[in-house]
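Text of coords-v8.txt (compact mmCIF, C-alpha atoms) as supplied:
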```txt
# COMPACT_ATOMS: atom_id res chain seq x y z
CA MET A 1 3.47 9.38 -23.51
CA ASN A 2 4.77 12.47 -21.72
CA ASN A 3 2.88 14.69 -24.19
CA ILE A 4 -0.43 13.41 -25.47
CA VAL A 5 -4.15 14.15 -25.58
CA LEU A 6 -6.65 11.45 -24.64
CA THR A 7 -9.88 11.94 -26.59
CA ASN A 8 -13.41 10.55 -26.58
CA ILE A 9 -12.99 9.19 -23.03
CA LYS A 10 -16.25 7.42 -22.18
CA GLN A 11 -15.85 8.43 -18.54
CA LEU A 12 -13.09 10.30 -16.73
CA ILE A 13 -13.18 9.08 -13.11
CA GLY A 14 -11.83 10.51 -9.85
CA ILE A 15 -11.75 14.24 -10.56
CA THR A 16 -10.72 16.63 -7.77
CA LYS A 17 -10.11 20.37 -7.57
CA ASN A 18 -7.73 20.06 -4.62
CA SER A 19 -6.38 17.38 -2.31
CA ASN A 20 -6.57 19.16 1.02
CA GLU A 21 -8.66 16.67 2.97
CA VAL A 22 -8.86 12.91 3.17
CA LYS A 23 -12.21 11.34 2.30
CA LYS A 24 -14.23 9.77 5.12
CA GLY A 25 -17.83 9.02 5.97
CA SER A 26 -20.19 9.90 3.15
CA SER A 27 -17.43 11.59 1.15
CA GLN A 28 -15.60 8.23 0.91
CA GLY A 29 -18.36 7.16 -1.48
CA HIS A 30 -18.28 10.28 -3.63
CA VAL A 31 -16.41 10.11 -6.94
CA GLN A 32 -16.64 12.94 -9.46
CA THR A 33 -16.79 11.82 -13.07
CA LEU A 34 -17.07 13.41 -16.51
CA ASP A 35 -18.62 11.67 -19.52
CA ASN A 36 -17.29 12.03 -23.08
CA ALA A 37 -14.13 13.81 -22.01
CA TYR A 38 -10.64 14.74 -23.11
CA LEU A 39 -7.46 14.98 -21.05
CA ILE A 40 -4.21 16.69 -22.04
CA ILE A 41 -0.84 15.52 -20.71
CA ARG A 42 2.24 17.74 -20.98
CA ASN A 43 5.62 16.71 -19.60
CA GLY A 44 4.00 13.84 -17.75
CA ILE A 45 1.60 16.15 -15.88
CA ILE A 46 -2.18 16.51 -16.18
CA HIS A 47 -2.37 19.83 -18.01
CA ASP A 48 -6.08 20.14 -18.77
CA PHE A 49 -9.29 18.14 -19.14
CA GLY A 50 -12.94 18.74 -19.90
CA PRO A 51 -15.87 17.71 -22.11
CA MET A 52 -15.00 16.74 -25.69
CA THR A 53 -17.09 19.61 -26.96
CA ASP A 54 -14.46 21.93 -25.45
CA CYS A 55 -11.39 19.96 -26.59
CA PRO A 56 -8.88 22.47 -28.02
CA ASN A 57 -6.92 21.98 -31.20
CA THR A 58 -3.43 20.89 -30.24
CA GLU A 59 -0.21 19.70 -31.82
CA LEU A 60 -0.17 16.71 -29.46
CA THR A 61 -0.66 13.12 -30.60
CA ALA A 62 -4.23 12.01 -29.92
CA HIS A 63 -5.04 8.68 -28.28
CA ASP A 64 -8.64 7.63 -28.85
CA CYS A 65 -10.39 6.27 -25.74
CA THR A 66 -13.81 5.54 -27.21
CA HIS A 67 -15.81 3.20 -24.92
CA LYS A 68 -12.96 3.28 -22.36
CA LEU A 69 -12.62 4.69 -18.85
CA VAL A 70 -9.67 6.77 -17.66
CA LEU A 71 -8.85 6.88 -13.95
CA PRO A 72 -5.86 7.55 -11.70
CA MET A 73 -3.55 4.60 -11.09
CA TYR A 74 -3.79 2.87 -7.74
CA VAL A 75 -1.58 3.87 -4.82
CA ASP A 76 -0.24 0.90 -2.84
CA SER A 77 0.68 2.19 0.61
CA HIS A 78 1.68 -1.13 2.24
CA THR A 79 3.96 -3.67 0.54
CA HIS A 80 6.97 -5.90 1.17
CA LEU A 81 7.98 -5.96 -2.49
CA VAL A 82 11.70 -6.55 -1.82
CA PHE A 83 12.10 -10.14 -0.65
CA ALA A 84 14.27 -13.15 -1.39
CA LYS A 85 12.24 -16.12 -2.62
CA SER A 86 8.72 -17.45 -2.53
CA ARG A 87 7.37 -19.42 0.44
CA SER A 88 5.01 -21.59 -1.55
CA ASP A 89 5.97 -24.59 0.61
CA GLU A 90 4.28 -22.86 3.54
CA MET A 91 1.00 -22.79 1.62
CA LYS A 92 1.15 -26.59 1.58
CA MET A 93 1.71 -26.57 5.34
CA ARG A 94 -1.40 -24.41 5.80
CA LEU A 95 -3.40 -26.75 3.60
CA HIS A 96 -2.35 -29.57 5.91
CA GLY A 97 -3.81 -27.68 8.85
CA LYS A 98 -0.95 -25.55 10.19
CA SER A 99 -1.78 -22.01 11.31
CA TYR A 100 0.27 -18.90 10.48
CA GLN A 101 1.64 -18.91 14.01
CA GLU A 102 2.45 -22.65 13.94
CA ILE A 103 4.36 -22.25 10.67
CA ALA A 104 6.37 -19.43 12.23
CA GLU A 105 7.15 -21.55 15.30
CA ALA A 106 8.39 -24.33 13.00
CA GLY A 107 10.98 -22.01 11.45
CA GLY A 108 8.82 -20.70 8.65
CA GLY A 109 7.30 -17.28 8.23
CA ILE A 110 9.31 -14.10 8.45
CA LEU A 111 12.42 -15.86 9.81
CA ASN A 112 12.38 -18.12 6.75
CA SER A 113 12.37 -15.07 4.47
CA ALA A 114 15.19 -13.50 6.49
CA LYS A 115 17.40 -16.57 6.08
CA LYS A 116 16.83 -16.65 2.34
CA LEU A 117 17.49 -12.93 2.00
CA HIS A 118 20.76 -13.16 3.93
CA ASP A 119 22.09 -15.54 1.28
CA MET A 120 21.28 -13.21 -1.64
CA SER A 121 23.39 -10.37 -2.98
CA GLU A 122 22.13 -6.82 -3.27
CA GLN A 123 22.19 -7.17 -7.06
CA GLU A 124 20.11 -10.34 -6.97
CA LEU A 125 17.57 -8.70 -4.68
CA TYR A 126 17.37 -5.69 -6.96
CA ASP A 127 16.95 -7.78 -10.12
CA ASP A 128 14.03 -9.72 -8.63
CA ALA A 129 12.41 -6.61 -7.14
CA HIS A 130 12.71 -4.72 -10.42
CA ILE A 131 10.80 -7.47 -12.24
CA ARG A 132 8.09 -7.37 -9.57
CA LEU A 133 7.87 -3.59 -9.80
CA GLU A 134 7.37 -3.74 -13.56
CA GLN A 135 4.47 -6.15 -13.03
CA VAL A 136 3.01 -3.94 -10.31
CA ILE A 137 2.91 -1.01 -12.74
CA LYS A 138 1.33 -3.11 -15.50
CA ASN A 139 -1.40 -4.07 -13.01
CA GLY A 140 -2.25 -0.40 -12.49
CA THR A 141 -0.23 0.71 -9.45
CA GLY A 142 1.21 4.21 -9.92
CA ALA A 143 2.88 4.76 -6.52
CA ILE A 144 4.10 2.29 -3.91
CA GLU A 145 5.48 1.98 -0.38
CA ILE A 146 8.07 -0.76 0.22
CA LYS A 147 9.15 -2.05 3.64
CA SER A 148 12.31 -3.69 4.88
CA GLY A 149 11.88 -6.34 7.59
CA TYR A 150 13.35 -9.49 6.09
CA GLY A 151 16.87 -8.62 7.22
CA LEU A 152 16.54 -8.57 11.01
CA ASN A 153 20.16 -7.52 11.40
CA ILE A 154 21.92 -4.27 10.59
CA GLU A 155 23.60 -5.27 7.35
CA ASP A 156 20.66 -7.11 5.84
CA GLU A 157 18.11 -4.43 6.78
CA MET A 158 20.37 -1.83 5.19
CA LYS A 159 20.83 -4.07 2.17
CA MET A 160 17.07 -4.12 1.66
CA LEU A 161 16.74 -0.38 2.14
CA ARG A 162 19.57 0.28 -0.33
CA VAL A 163 17.73 -1.82 -2.91
CA ILE A 164 14.59 0.23 -2.27
CA ARG A 165 16.62 3.42 -2.70
CA ILE A 166 17.87 2.23 -6.10
CA LEU A 167 14.32 1.37 -7.11
CA LYS A 168 13.29 4.90 -6.07
CA GLN A 169 16.00 6.42 -8.22
CA LEU A 170 15.19 4.35 -11.31
CA SER A 171 11.43 3.87 -11.04
CA PRO A 172 8.98 5.93 -13.10
CA ILE A 173 6.51 5.92 -10.17
CA PRO A 174 6.84 7.46 -6.67
CA ILE A 175 8.22 5.07 -4.04
CA LYS A 176 8.39 5.50 -0.26
CA SER A 177 10.53 3.28 1.99
CA THR A 178 9.73 2.03 5.49
CA PHE A 179 12.13 0.61 8.07
CA LEU A 180 10.56 -2.52 9.58
CA GLY A 181 13.38 -3.91 11.71
CA ALA A 182 10.83 -5.00 14.32
CA HIS A 183 9.11 -7.47 12.01
CA ALA A 184 10.01 -10.64 13.94
CA ILE A 185 12.42 -11.65 16.69
CA PRO A 186 15.54 -13.35 15.24
CA GLU A 187 16.38 -16.80 16.53
CA GLU A 188 19.47 -15.58 18.39
CA PHE A 189 17.32 -13.09 20.34
CA LYS A 190 14.33 -15.33 21.03
CA ASN A 191 15.05 -15.30 24.78
CA ASN A 192 16.11 -11.66 24.89
CA LYS A 193 13.67 -9.50 22.96
CA ALA A 194 14.76 -6.39 24.88
CA ALA A 195 18.28 -6.74 23.44
CA TYR A 196 16.86 -6.96 19.93
CA MET A 197 14.69 -3.89 20.50
CA TYR A 198 17.80 -2.03 21.64
CA LEU A 199 19.53 -3.10 18.43
CA VAL A 200 16.61 -1.89 16.27
CA CYS A 201 16.19 1.49 17.97
CA ASN A 202 19.73 2.37 18.98
CA GLU A 203 21.96 0.73 16.37
CA MET A 204 19.97 0.04 13.22
CA LEU A 205 17.86 3.19 13.21
CA PRO A 206 20.70 5.75 13.63
CA ARG A 207 22.63 4.22 10.72
CA ILE A 208 19.55 3.99 8.52
CA ALA A 209 18.52 7.56 9.30
CA GLY A 210 22.11 8.73 8.83
CA GLU A 211 22.06 7.45 5.25
CA ASN A 212 18.50 8.73 4.68
CA LEU A 213 17.33 5.24 3.77
CA ALA A 214 13.81 5.38 5.21
CA ASP A 215 10.75 7.63 5.03
CA TYR A 216 8.74 5.82 7.72
CA ILE A 217 9.13 3.33 10.56
CA ASP A 218 7.00 0.25 11.27
CA ILE A 219 6.59 -2.63 13.73
CA PHE A 220 4.55 -5.84 13.73
CA CYS A 221 2.62 -5.40 16.97
CA GLU A 222 0.92 -8.73 17.50
CA THR A 223 0.68 -11.59 19.98
CA GLY A 224 3.86 -13.64 19.76
CA TYR A 225 5.80 -10.86 18.07
CA PHE A 226 6.01 -7.36 19.59
CA ASP A 227 3.93 -5.84 22.38
CA LEU A 228 2.71 -2.37 23.35
CA ASP A 229 5.97 -1.41 25.09
CA ASP A 230 7.83 -2.32 21.89
CA LEU A 231 5.37 -0.32 19.79
CA LYS A 232 5.83 2.75 21.98
CA GLN A 233 9.62 2.36 21.85
CA VAL A 234 9.68 2.12 18.04
CA ILE A 235 7.35 5.07 17.48
CA GLU A 236 9.31 7.28 19.87
CA ALA A 237 12.63 6.23 18.31
CA GLY A 238 11.25 7.06 14.88
CA ASP A 239 10.11 10.47 16.12
CA LYS A 240 13.71 11.34 17.07
CA TYR A 241 14.72 10.92 13.44
CA GLY A 242 11.64 12.44 11.84
CA LEU A 243 10.16 9.10 10.73
CA LYS A 244 6.40 8.85 11.09
CA ALA A 245 4.92 5.49 12.04
CA LYS A 246 2.91 3.21 9.72
CA VAL A 247 2.32 0.14 11.86
CA HIS A 248 1.01 -3.44 11.65
CA VAL A 249 -1.72 -3.85 14.28
CA ASN A 250 -4.85 -5.95 15.01
CA GLN A 251 -4.19 -8.70 12.47
CA PHE A 252 -5.05 -11.54 14.84
CA SER A 253 -5.90 -9.78 18.12
CA SER A 254 -6.76 -6.41 19.63
CA PHE A 255 -4.97 -5.40 22.83
CA GLY A 256 -4.56 -1.62 22.71
CA ALA A 257 -2.19 -1.13 19.78
CA VAL A 258 -4.61 1.08 17.85
CA GLN A 259 -5.07 3.35 20.85
CA LEU A 260 -1.33 3.64 21.45
CA ALA A 261 -0.53 4.25 17.78
CA CYS A 262 -3.18 6.94 17.45
CA SER A 263 -2.10 8.69 20.66
CA HIS A 264 1.43 8.90 19.24
CA GLY A 265 0.27 10.33 15.92
CA ALA A 266 0.84 7.33 13.64
CA LEU A 267 0.19 8.09 9.99
CA SER A 268 -1.65 4.80 9.52
CA VAL A 269 -2.61 1.61 11.31
CA ASP A 270 -2.60 -1.35 8.93
CA HIS A 271 -4.42 -4.72 8.94
CA LEU A 272 -7.28 -4.16 11.46
CA GLU A 273 -8.92 -7.51 10.80
CA VAL A 274 -9.85 -7.69 14.50
CA MET A 275 -11.52 -4.57 15.90
CA THR A 276 -13.20 -3.53 19.17
CA ASP A 277 -15.59 -0.69 19.94
CA GLU A 278 -12.73 1.15 21.62
CA ASP A 279 -10.60 0.84 18.49
CA TYR A 280 -13.31 2.55 16.43
CA ALA A 281 -13.80 5.27 19.02
CA VAL A 282 -10.11 6.12 19.19
CA LEU A 283 -9.61 6.10 15.41
CA LYS A 284 -12.64 8.32 14.94
CA LYS A 285 -11.08 11.02 17.14
CA SER A 286 -7.62 10.78 15.56
CA ASN A 287 -5.95 11.81 12.31
CA THR A 288 -4.64 8.28 11.76
CA LEU A 289 -5.66 6.45 8.59
CA ALA A 290 -7.11 2.91 8.68
CA THR A 291 -5.57 0.56 6.10
CA ALA A 292 -7.19 -2.71 5.04
CA LEU A 293 -5.30 -5.53 3.33
CA PRO A 294 -7.91 -7.80 1.70
CA LEU A 295 -5.42 -9.89 -0.30
CA CYS A 296 -3.95 -11.08 3.00
CA SER A 297 -7.40 -12.00 4.30
CA LEU A 298 -8.07 -13.98 1.13
CA PHE A 299 -4.79 -15.89 1.23
CA LEU A 300 -4.73 -16.67 4.95
CA ASP A 301 -8.50 -17.20 5.17
CA ILE A 302 -8.84 -14.77 8.06
CA PRO A 303 -11.56 -12.13 8.59
CA TYR A 304 -11.62 -9.09 6.33
CA THR A 305 -11.12 -5.65 7.80
CA PRO A 306 -14.60 -4.27 8.61
CA GLY A 307 -14.25 -1.46 6.09
CA LYS A 308 -17.94 -0.64 5.94
CA LYS A 309 -18.06 -0.12 9.70
CA LEU A 310 -14.94 2.05 9.58
CA ILE A 311 -16.59 4.25 6.95
CA LYS A 312 -19.82 4.44 8.96
CA ASN A 313 -17.73 5.60 11.93
CA ASN A 314 -16.33 8.46 9.83
CA ILE A 315 -12.85 6.88 9.73
CA PRO A 316 -10.90 7.35 6.46
CA LEU A 317 -10.28 3.97 4.84
CA VAL A 318 -7.27 2.98 2.72
CA ILE A 319 -6.81 -0.30 0.87
CA ALA A 320 -3.37 -1.73 0.04
CA SER A 321 -1.99 -5.07 -1.18
CA ASP A 322 0.39 -6.19 1.63
CA PHE A 323 2.35 -7.86 -1.21
CA ASN A 324 4.73 -10.31 0.47
CA PRO A 325 5.87 -13.93 0.04
CA GLY A 326 4.17 -15.33 3.13
CA SER A 327 0.68 -13.97 3.65
CA ALA A 328 -0.19 -12.01 0.49
CA PRO A 329 1.77 -13.17 -2.58
CA SER A 330 -0.08 -10.83 -4.93
CA SER A 331 0.37 -7.19 -5.86
CA ASN A 332 -2.82 -7.05 -7.93
CA LEU A 333 -4.95 -4.20 -6.63
CA ASN A 334 -7.61 -4.97 -9.24
CA LEU A 335 -8.26 -8.15 -7.25
CA ALA A 336 -8.16 -6.16 -4.00
CA PHE A 337 -10.78 -3.86 -5.56
CA GLY A 338 -13.01 -6.86 -6.25
CA LEU A 339 -12.57 -8.27 -2.74
CA ALA A 340 -13.31 -4.88 -1.18
CA CYS A 341 -16.68 -4.89 -2.90
CA SER A 342 -17.63 -8.58 -2.75
CA GLN A 343 -16.26 -9.43 0.70
CA MET A 344 -15.96 -6.14 2.57
CA LYS A 345 -19.26 -4.93 1.04
CA LEU A 346 -17.93 -1.54 -0.04
CA THR A 347 -19.48 0.30 -2.95
CA PRO A 348 -17.22 0.62 -6.01
CA GLU A 349 -16.82 4.31 -5.21
CA GLU A 350 -15.80 3.69 -1.59
CA ALA A 351 -13.26 1.07 -2.64
CA PHE A 352 -11.92 3.23 -5.47
CA ASN A 353 -11.24 6.16 -3.12
CA ALA A 354 -9.57 3.78 -0.66
CA LEU A 355 -7.24 2.55 -3.43
CA THR A 356 -6.41 5.94 -4.94
CA TYR A 357 -7.20 9.24 -3.26
CA ASN A 358 -7.02 8.17 0.41
CA ALA A 359 -4.10 5.84 -0.27
CA ALA A 360 -2.06 8.81 -1.50
CA PHE A 361 -2.53 10.42 1.94
CA ALA A 362 -1.13 7.24 3.52
CA MET A 363 2.11 7.95 1.61
CA GLU A 364 1.85 11.75 1.97
CA ILE A 365 1.89 12.20 -1.81
CA GLN A 366 -1.70 13.42 -2.17
CA ASN A 367 -0.51 16.47 -4.12
CA GLU A 368 1.26 14.26 -6.69
CA VAL A 369 -1.07 11.33 -7.42
CA GLY A 370 -4.38 9.74 -6.46
CA SER A 371 -6.89 11.69 -8.53
CA ILE A 372 -7.54 13.45 -11.82
CA GLN A 373 -6.36 16.93 -10.96
CA ILE A 374 -4.53 19.59 -12.97
CA GLY A 375 -0.88 19.62 -11.89
CA LYS A 376 -0.76 16.02 -10.67
CA LYS A 377 1.33 13.31 -12.30
CA ALA A 378 -0.42 11.74 -15.28
CA ASN A 379 -0.20 8.22 -13.83
CA LEU A 380 -3.36 6.88 -15.43
CA ILE A 381 -5.23 3.68 -16.15
CA ILE A 382 -7.02 3.32 -19.48
CA THR A 383 -9.47 0.44 -19.28
CA LYS A 384 -10.74 -1.89 -21.93
CA PRO A 385 -14.29 -1.04 -23.08
CA ALA A 386 -16.39 -0.83 -19.92
CA ASN A 387 -19.77 0.29 -18.64
CA GLY A 388 -18.42 2.16 -15.62
CA LEU A 389 -16.19 1.95 -12.56
CA GLU A 390 -18.12 -1.06 -11.26
CA ASP A 391 -16.77 -3.16 -14.13
CA ILE A 392 -13.35 -3.44 -12.44
CA PRO A 393 -14.55 -5.17 -9.24
CA TYR A 394 -17.27 -7.02 -11.15
CA TRP A 395 -14.80 -8.77 -13.45
CA PHE A 396 -12.70 -9.69 -10.41
CA GLY A 397 -10.83 -12.52 -12.14
CA GLU A 398 -10.09 -10.53 -15.28
CA ASN A 399 -7.77 -7.64 -16.06
CA LYS A 400 -9.84 -4.74 -17.35
CA ILE A 401 -6.77 -2.56 -17.93
CA HIS A 402 -6.03 -1.81 -21.60
CA ASN A 403 -2.85 0.08 -20.79
CA VAL A 404 -1.32 2.47 -18.26
CA ILE A 405 0.31 5.85 -18.69
CA VAL A 406 3.14 6.62 -16.28
```
As structure tokens:
Amino acid sequence: MNNIVLTNIKQLIGITKNSNEVKKGSSQGHVQTLDNAYLIIRNGIIHDFGPMTDCPNTELTAHDCTHKLVLPMYVDSHTHLVFAKSRSDEMKMRLHGKSYQEIAEAGGGILNSAKKLHDMSEQELYDDAHIRLEQVIKNGTGAIEIKSGYGLNIEDEMKMLRVIRILKQLSPIPIKSTFLGAHAIPEEFKNNKAAYMYLVCNEMLPRIAGENLADYIDIFCETGYFDLDDLKQVIEAGDKYGLKAKVHVNQFSSFGAVQLACSHGALSVDHLEVMTDEDYAVLKKSNTLATALPLCSLFLDIPYTPGKKLIKNNIPLVIASDFNPGSAPSSNLNLAFGLACSQMKLTPEEAFNALTYNAAFAMEIQNEVGSIQIGKKANLIITKPANGLEDIPYWFGENKIHNVIV
């Protein structure tokens, strides 16, 4: 479908003239639409669109979209799509009363994923990740960030990042890679975290940067994992190699990570289930994006990111999946859309912008995807017959996607 004209579109959703500024405050809830529209795609790019009354005669194949909506595909700016095997056994442990932290202390969690990944070949990792990526696209995601972090040693972290690089080369959608060596402390370093941090920043990172394997750098800054000194060290190490920070913070506790990340110019702070007044104040004055991960909140039964309060504080909100085998084993952003509205109390328009337009800024690809704009990639969702945008979060257990164009 590189060259096609979509006709009789019931509603074309998410139109922009430019993508110069992220949406925040009242603009987060503004979505421009066009009823009874056409859209022309040439060479995979949005070439033209407008009302059907102005639809030009063209040699292109027409695809009738009567009663259907057309919108930009979602942008998933926080995932762990490359991993070894499921951790469904840990769900049973949680159902028997174990907390996330207790499971990790018992040898589960991230260290469990790292052990399983160590035993897999690069080809096996790629084969599994490729299948997941195909499903991600079918579910409406048209660009994705993928993190390492289940290696926790030089060779396995690089193995993950090489798999991501191959996915980048072969995927029809944009992919960004993030080095997350500081995801957990390996067993052999449990009594010497400083030595592991030295390994991450002074041995792993130079090799990864030397092979151009990462676009961003990340760290899991949380009680029991990595602290503020570690966060500062990782961000500054990333700066030396031109890698902006996209960091895990405030999932279970707030102890200054948001302030530190913002002061060092982090591109985004992700999770934010636990927030303080100071966190809001600092984010409001910064250029850092706030990323919510509602699928994680659903699966772990923890609080949802206070997205409505972030928007009211004029902070640009992004929503991503956090797709991973431990705390968010789902890549379905249609479900995240539903949770954003039903649980985070966002309007459909606020949630839509968080999943598309703003999310593209969190991957720095806002000029490629994220809205209906002439010159952007024609990565589009065509829905089944629908009343309007609200149908997607309303039918939260159903798939309202008829097909996608990539």
Selection near segment 289-303 of chain A, 7 Å with only C-alpha atoms, sequence-local residues under 4 positions removed, as number ranges by chain: A: 267-273, 316-322, 327-328, 336, 339-340, 362
Write out, as a Markdown table, each residue of segment 279-378 of chain A that has an atom at most 12 Å from segment 32-54 of chain A, together with the closest pair of atoms and their distance in Å to one decimal, counting all atoms listed in the file, rows going by chain and rising number.
```
| residue | atom | partner | partner_atom | distance |
| --- | --- | --- | --- | --- |
| A:Glu349 | CA | A:Gln32 | CA | 9.6 |
| A:Phe352 | CA | A:Gln32 | CA | 11.5 |
| A:Asn353 | CA | A:Gln32 | CA | 10.7 |
| A:Tyr357 | CA | A:Gln32 | CA | 11.9 |
| A:Asn367 | CA | A:Ile45 | CA | 12.0 |
| A:Glu368 | CA | A:Ile45 | CA | 9.4 |
| A:Val369 | CA | A:Ile45 | CA | 10.1 |
| A:Ser371 | CA | A:Gln32 | CA | 9.9 |
| A:Ile372 | CA | A:Ile46 | CA | 7.6 |
| A:Gln373 | CA | A:Ile46 | CA | 6.7 |
| A:Ile374 | CA | A:Ile46 | CA | 5.0 |
| A:Gly375 | CA | A:Ile46 | CA | 5.5 |
| A:Lys376 | CA | A:Ile46 | CA | 5.7 |
| A:Lys377 | CA | A:Ile45 | CA | 4.6 |
| A:Ala378 | CA | A:Ile45 | CA | 4.9 |
```
Point out the residue among A:Asp215, A:Glu102, A:Glu398, A:Glu203 with the least atom-to-atom distance to Asn332 of chain A, counting all atoms listed in the file.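 The closest residue to Asn332 of chain A is A:Glu398.
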Name all residues at most 10 Å from Tyr196 of chain A (count all atoms listed in the file; drop same-chain ones fewer than 6 positions away) and give them as a list in words. Leu152, Asn153, Gly181, Ala182, Ala184, Ile185, Pro186, Glu188, Phe189, Lys190, Asn202 and Glu203 of chain A
Can you tell me, as a PyMOL selection string, which residues sit within 12 Å of (-16.9, -3.1, -0.9) in the file's frame, using only C-alpha atoms? chain A and resi 28-29+292+294+304-311+317-319+335-355+390+393-394
Hey, which of A:Ala129, A:Gly388, A:Trp395, A:Lys24 ends up closest to Ile315 of chain A? Count only C-alpha atoms. A:Lys24
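Neighbours of Leu170 of chain A closer than or equal to 12 Å, with only C-alpha atoms counted and sequence neighbours fewer than 6 positions away skipped, come out as A:Tyr126, A:His130, A:Leu133, A:Glu134, A:Val163, A:Ile164.
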Using Å and a single decimal, report how far atom CA of Lys92 of chain A sits from atom CA of Ser113 of chain A.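 Rounded to one decimal, the two atoms are 16.3 Å apart.
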Correct to one decimal, the distance atom CA of Lys400 of chain A-atom CA of Asn139 of chain A is 9.5 Å
Which is closer to Ser331 of chain A than all the others in A:Glu145, A:Asp64, A:Glu21, A:Glu90, using only C-alpha atoms? A:Glu145
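Shortest atom-to-atom contact with Gly242 of chain A among A:Ile103, A:Leu205, A:Leu117, A:Val274: A:Leu205, counting all atoms listed in the file.
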Can you work out the spacing between atom CA of His183 of chain A and atom CA of Leu199 of chain A in Å, to one decimal? 13.0 Å
Give me, as a ChimeraX atom specification, all polymer residues having an atom no more than 12 Å from Asp127 of chain A, counting only C-alpha atoms and skipping those fewer than 5 positions away in the same chain. /A:81-84,120-122,132-134,163-164,166-167
Provide segment 74-102 of chain A of the preceding structure as a file containing C-alpha atoms, as a PDB file, in the first residue's frame.
```
ATOM      1  CA  TYR A  74       0.533   4.591  17.950  1.00  0.00           C
ATOM      2  CA  VAL A  75       4.118   5.369  18.954  1.00  0.00           C
ATOM      3  CA  ASP A  76       5.421   3.141  21.762  1.00  0.00           C
ATOM      4  CA  SER A  77       8.310   5.000  23.393  1.00  0.00           C
ATOM      5  CA  HIS A  78       9.073   2.538  26.221  1.00  0.00           C
ATOM      6  CA  THR A  79       9.353  -1.226  25.689  1.00  0.00           C
ATOM      7  CA  HIS A  80      11.523  -4.227  26.533  1.00  0.00           C
ATOM      8  CA  LEU A  81      10.423  -6.182  23.462  1.00  0.00           C
ATOM      9  CA  VAL A  82      13.638  -8.244  23.196  1.00  0.00           C
ATOM     10  CA  PHE A  83      13.595 -10.787  26.015  1.00  0.00           C
ATOM     11  CA  ALA A  84      14.155 -14.497  26.512  1.00  0.00           C
ATOM     12  CA  LYS A  85      11.075 -16.255  27.864  1.00  0.00           C
ATOM     13  CA  SER A  86       7.908 -15.487  29.754  1.00  0.00           C
ATOM     14  CA  ARG A  87       7.818 -15.207  33.547  1.00  0.00           C
ATOM     15  CA  SER A  88       4.288 -16.470  33.977  1.00  0.00           C
ATOM     16  CA  ASP A  89       5.377 -18.455  37.045  1.00  0.00           C
ATOM     17  CA  GLU A  90       5.989 -15.146  38.810  1.00  0.00           C
ATOM     18  CA  MET A  91       2.355 -14.180  38.291  1.00  0.00           C
ATOM     19  CA  LYS A  92       1.430 -17.222  40.371  1.00  0.00           C
ATOM     20  CA  MET A  93       3.841 -16.052  43.074  1.00  0.00           C
ATOM     21  CA  ARG A  94       2.146 -12.640  43.129  1.00  0.00           C
ATOM     22  CA  LEU A  95      -1.260 -14.292  43.381  1.00  0.00           C
ATOM     23  CA  HIS A  96       0.038 -16.127  46.434  1.00  0.00           C
ATOM     24  CA  GLY A  97       0.883 -12.809  48.052  1.00  0.00           C
ATOM     25  CA  LYS A  98       4.476 -12.082  46.999  1.00  0.00           C
ATOM     26  CA  SER A  99       5.341  -8.486  46.094  1.00  0.00           C
ATOM     27  CA  TYR A 100       7.406  -7.416  43.070  1.00  0.00           C
ATOM     28  CA  GLN A 101      10.348  -6.771  45.374  1.00  0.00           C
ATOM     29  CA  GLU A 102       9.956 -10.105  47.200  1.00  0.00           C
TER      30      GLU A 102
END
```
